Every structure is written in C-alpha cells, then in structure tokens.
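First up is the structure itself, then whatever we jot down about it.
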Amino acid sequence: MGCDVPKLSKMKKELIKLKKRELNFHHPHITFRLNEKLDKTITLEFFINGEKAGFDFKKEIITLHPVTKKFNQLGSKGKLKLAIDDFVTDFYKKNNGKLIDARSKFQKIWNLVEDDFFKKTNNIFDNLDWPEGKYIGYISMLPIGARFLQDKTFQSCWLWKKNLKAQVIHELLHFQFYHLVEKITGKNQEENEKIWKLSEIFNDIVQREDEFIKLQGYAPKVGYPEHKNEHNRYLKIWQKKMKARSFIKETLKK
C-alpha cells in the first residue's frame, strides 16, 4: 500500500501552520482591583471638565450620587477637592464589602469570555501583538468607565455587572486600535482628536457585529451622540474588508 507523498507533505505544512498559530496566540490577562485614590482623581476631573462629544459625565455622577450636586456650589478647586475626597472615603468605608464582592464577580465574568474575545480580535487586527501594559480594570463607584491608554488600565463601575463584558471589550479595542495607529503612522496619537473619534466609531461598529453581540450578550448603544450621523459612512468603509488596518488607512486619508 503506497503513501501519497504530496498529500502527506501538505498535511504536515498545515499542521505546522496550526501549531504556529497556537504558539502565537498569547494575550494579556485582565485583573480587577480597587483603587480609592483613582476615584477621587476622576471625580474631581469630571466635575471640572464634564462634557465630551455631547455626553455629560458630571451629570451621570450626580444622577448616581445625588449628594454630589452640592459640589457645584463650591467656589474653588481646593474646596471641591476636599469635599470629593471626604465623599469618596466615606463611600468606600460604607461599601467596602460590596466593592470587594463586585471585584470577585467581575473577574469571574470576564475570565469566561477572555480567550474568545482575544481570538476574535486577533483576526480583526491580523494577529498584531498586544501593547505592553498593566491591563488592570479598577472597580469604581463612578458610572464613567475612564480608560488610560498610557498604562492600559480602565475603570468599571461596580454596578455594571450586566454591561461588564461589553465595557471591557470596548476598552481593550481602544488599546489595540491606538497601538495599530501608532504602527501605521509611526507616532503616538493618544492626543489626536480625530483618532479618538475614529476609535469610538470603530468600536461602535465592531461591537455591533453578530459575533461580538453574542459574546457581550447585547448590542451596545452608540457611545457618543455627536457621532451617530456618521456611522453609515464609516460602516461602509469597514464592510469592505472588515480589518482594522484597512479601516484605519482609508479613514486617515479623508
């Protein structure tokens, strides 16, 4: 009984390719922690500069924590900072057990989908290595979801159990999007307003794809109201190849 050498050779090559893909499939692991100091910093920041692209973050804080409405009457930044520090410290003392419990639950929820997310995302970004960073999700008392591109960390509101997967996916897509933009342009674009807008619209589009809806459990709303009218135009660009690199290159020309 003979051996089909050409077929065997082809099979070996495919197995080698598969093994390489498995070896190359490495990704960061997101760890959830508490950070009281960061909540103080972010609360102060958004009471001073609360609006962006049609979204009022300060209003969101006041809605969740009505007692903070009185902070608007404070005359100076110094008084505002003292009031916020006392408020956040008191909240952490009263809700420490709940925050710790949220951290544990969030970690379990994310761990279940982490590998699937990175596999799907690696396809979109053509297996681009993930940038170096801490990859920490800080459980927060704020309904903001602040992210920090420099060290690859973000905040997740302790009440966002149902939204958690979509929110974490949103932040991680930003990290890789900016990483790829830097590879393409040759420079850091974290302060570029146009790139920020593209990154938000990119996330809106990608997170409404069927495979991401299945992963998240729902289709998120458009992040910023001012971007809604432009979605159809960018969606057509995305649908040409459904790859991040081609989307970025074409949109940067415009």
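Ordering of the structure tokens sets the chain letters (A, B, ...); residue numbers start at 1 within each chain; ligands are numbered from 1 in the order shown.
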
**Message:** To test your reading of the structure, identify every residue in segment 6-247 of chain A that backbone DSSP assigns to strand (DSSP E or B), and report it as a ChimeraX atom specification.
**Reply:** /A:31-34,51-52,55-56,136-140,147-148,153-157

Segment 231-243 of chain A surroundings by only C-alpha atoms, 12 Å radius, close-in-sequence under 3 positions cut, as an mmCIF file with N, CA and C atoms, in the first residue's frame:
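out.cif, freshly written:
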data_model
loop_
_atom_site.group_PDB
_atom_site.id
_atom_site.type_symbol
_atom_site.label_atom_id
_atom_site.label_comp_id
_atom_site.auth_asym_id
_atom_site.auth_seq_id
_atom_site.Cartn_x
_atom_site.Cartn_y
_atom_site.Cartn_z
ATOM 1 N N LYS A 120 -11.207 36.411 18.589
ATOM 2 C CA LYS A 120 -11.967 37.194 17.608
ATOM 3 C C LYS A 120 -11.221 38.470 17.230
ATOM 4 N N THR A 121 -10.662 39.122 18.226
ATOM 5 C CA THR A 121 -9.986 40.389 17.996
ATOM 6 C C THR A 121 -8.685 40.212 17.233
ATOM 7 N N ASN A 122 -7.978 39.123 17.499
ATOM 8 C CA ASN A 122 -6.731 38.875 16.774
ATOM 9 C C ASN A 122 -6.979 38.745 15.278
ATOM 10 N N ASN A 123 -8.130 38.228 14.905
ATOM 11 C CA ASN A 123 -8.473 38.118 13.487
ATOM 12 C C ASN A 123 -8.656 39.505 12.874
ATOM 13 N N ILE A 124 -9.315 40.392 13.591
ATOM 14 C CA ILE A 124 -9.555 41.751 13.113
ATOM 15 C C ILE A 124 -8.247 42.531 12.970
ATOM 16 N N PHE A 125 -7.336 42.300 13.905
ATOM 17 C CA PHE A 125 -6.065 43.031 13.909
ATOM 18 C C PHE A 125 -4.905 42.215 13.314
ATOM 19 N N ASP A 126 -5.246 41.138 12.603
ATOM 20 C CA ASP A 126 -4.230 40.322 11.915
ATOM 21 C C ASP A 126 -3.113 39.878 12.852
ATOM 22 N N ASN A 127 -3.501 39.380 14.029
ATOM 23 C CA ASN A 127 -2.553 38.808 14.997
ATOM 24 C C ASN A 127 -1.466 39.784 15.454
ATOM 25 N N LEU A 128 -1.781 41.070 15.449
ATOM 26 C CA LEU A 128 -0.853 42.064 15.968
ATOM 27 C C LEU A 128 -0.644 41.825 17.461
ATOM 28 N N PHE A 177 -6.419 49.414 18.976
ATOM 29 C CA PHE A 177 -6.635 50.359 17.888
ATOM 30 C C PHE A 177 -5.531 51.420 17.885
ATOM 31 N N LEU A 180 -2.196 49.989 16.837
ATOM 32 C CA LEU A 180 -2.076 49.807 15.395
ATOM 33 C C LEU A 180 -1.906 51.153 14.685
ATOM 34 N N LYS A 197 -11.939 60.088 17.788
ATOM 35 C CA LYS A 197 -13.265 59.946 17.181
ATOM 36 C C LYS A 197 -13.347 58.673 16.348
ATOM 37 N N LEU A 198 -12.316 58.395 15.551
ATOM 38 C CA LEU A 198 -12.298 57.183 14.740
ATOM 39 C C LEU A 198 -12.338 55.938 15.616
ATOM 40 N N SER A 199 -11.613 55.986 16.723
ATOM 41 C CA SER A 199 -11.572 54.821 17.609
ATOM 42 C C SER A 199 -12.938 54.542 18.224
ATOM 43 N N GLU A 200 -13.668 55.598 18.569
ATOM 44 C CA GLU A 200 -15.004 55.421 19.146
ATOM 45 C C GLU A 200 -15.969 54.863 18.105
ATOM 46 N N ILE A 201 -15.922 55.396 16.902
ATOM 47 C CA ILE A 201 -16.813 54.908 15.841
ATOM 48 C C ILE A 201 -16.452 53.469 15.465
ATOM 49 N N PHE A 202 -15.155 53.173 15.412
ATOM 50 C CA PHE A 202 -14.686 51.801 15.145
ATOM 51 C C PHE A 202 -15.281 50.836 16.167
ATOM 52 N N ASN A 203 -15.235 51.201 17.437
ATOM 53 C CA ASN A 203 -15.796 50.339 18.478
ATOM 54 C C ASN A 203 -17.301 50.167 18.316
ATOM 55 N N ASP A 204 -17.992 51.281 18.030
ATOM 56 C CA ASP A 204 -19.446 51.195 17.829
ATOM 57 C C ASP A 204 -19.784 50.182 16.743
ATOM 58 N N ILE A 205 -19.010 50.193 15.668
ATOM 59 C CA ILE A 205 -19.268 49.303 14.533
ATOM 60 C C ILE A 205 -18.926 47.855 14.878
ATOM 61 N N VAL A 206 -17.727 47.636 15.378
ATOM 62 C CA VAL A 206 -17.257 46.272 15.668
ATOM 63 C C VAL A 206 -18.120 45.607 16.740
ATOM 64 N N GLN A 207 -18.478 46.342 17.771
ATOM 65 C CA GLN A 207 -19.234 45.740 18.863
ATOM 66 C C GLN A 207 -20.698 45.468 18.510
ATOM 67 N N ARG A 208 -21.094 45.883 17.311
ATOM 68 C CA ARG A 208 -22.439 45.549 16.841
ATOM 69 C C ARG A 208 -22.416 44.440 15.783
ATOM 70 N N GLU A 209 -21.224 43.873 15.558
ATOM 71 C CA GLU A 209 -21.131 42.683 14.711
ATOM 72 C C GLU A 209 -21.721 41.496 15.473
ATOM 73 N N VAL A 222 -24.769 53.530 20.669
ATOM 74 C CA VAL A 222 -23.707 54.409 20.175
ATOM 75 C C VAL A 222 -23.118 55.174 21.358
ATOM 76 N N GLY A 223 -21.790 55.212 21.438
ATOM 77 C CA GLY A 223 -21.134 55.798 22.588
ATOM 78 C C GLY A 223 -21.364 57.287 22.758
ATOM 79 N N TYR A 224 -21.238 58.044 21.665
ATOM 80 C CA TYR A 224 -21.358 59.498 21.725
ATOM 81 C C TYR A 224 -22.398 59.982 20.707
ATOM 82 N N PRO A 225 -23.412 60.720 21.158
ATOM 83 C CA PRO A 225 -24.491 61.173 20.283
ATOM 84 C C PRO A 225 -24.016 61.915 19.035
ATOM 85 N N GLU A 226 -22.960 62.706 19.162
ATOM 86 C CA GLU A 226 -22.486 63.509 18.029
ATOM 87 C C GLU A 226 -21.928 62.666 16.883
ATOM 88 N N HIS A 227 -21.629 61.394 17.145
ATOM 89 C CA HIS A 227 -21.047 60.532 16.109
ATOM 90 C C HIS A 227 -22.102 59.764 15.313
ATOM 91 N N LYS A 228 -23.317 59.753 15.802
ATOM 92 C CA LYS A 228 -24.347 58.869 15.249
ATOM 93 C C LYS A 228 -24.603 59.097 13.767
ATOM 94 N N SER A 246 -6.966 48.135 7.291
ATOM 95 C CA SER A 246 -7.514 48.764 6.091
ATOM 96 C C SER A 246 -8.503 49.879 6.465
ATOM 97 N N PHE A 247 -9.271 49.676 7.547
ATOM 98 C CA PHE A 247 -10.189 50.708 8.014
ATOM 99 C C PHE A 247 -9.430 51.967 8.418
ATOM 100 N N ILE A 248 -8.376 51.792 9.189
ATOM 101 C CA ILE A 248 -7.589 52.937 9.643
ATOM 102 C C ILE A 248 -6.926 53.660 8.475
ATOM 103 N N LYS A 249 -6.316 52.917 7.579
ATOM 104 C CA LYS A 249 -5.614 53.530 6.464
ATOM 105 C C LYS A 249 -6.569 54.334 5.587
ATOM 106 N N GLU A 250 -7.741 53.800 5.308
ATOM 107 C CA GLU A 250 -8.685 54.510 4.435
ATOM 108 C C GLU A 250 -9.285 55.728 5.126
ATOM 109 N N THR A 251 -9.615 55.602 6.415
ATOM 110 C CA THR A 251 -10.235 56.736 7.117
ATOM 111 C C THR A 251 -9.224 57.860 7.368
ATOM 112 N N LEU A 252 -7.963 57.518 7.515
ATOM 113 C CA LEU A 252 -6.954 58.545 7.739
ATOM 114 C C LEU A 252 -6.720 59.393 6.484
ATOM 115 N N LYS A 253 -7.081 58.883 5.314
ATOM 116 C CA LYS A 253 -6.929 59.633 4.068
ATOM 117 C C LYS A 253 -7.951 60.753 3.963
ATOM 118 N N LYS A 254 -9.064 60.598 4.653
ATOM 119 C CA LYS A 254 -10.192 61.522 4.478
ATOM 120 C C LYS A 254 -10.030 62.781 5.329
#

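With only C-alpha atoms taken into account, the protein and nucleic acid residues at most 9 Å from segment 86-98 of chain A (excluding it and anything under 2 positions from it in its own chain) are Glu36, Lys37, Asp39, Lys40, Thr43, Val67, Thr68, Lys81, Leu82, Ala83, Ile84, Ile100, Asp101, Ala102, Arg103, Met141 and Trp158 of chain A.
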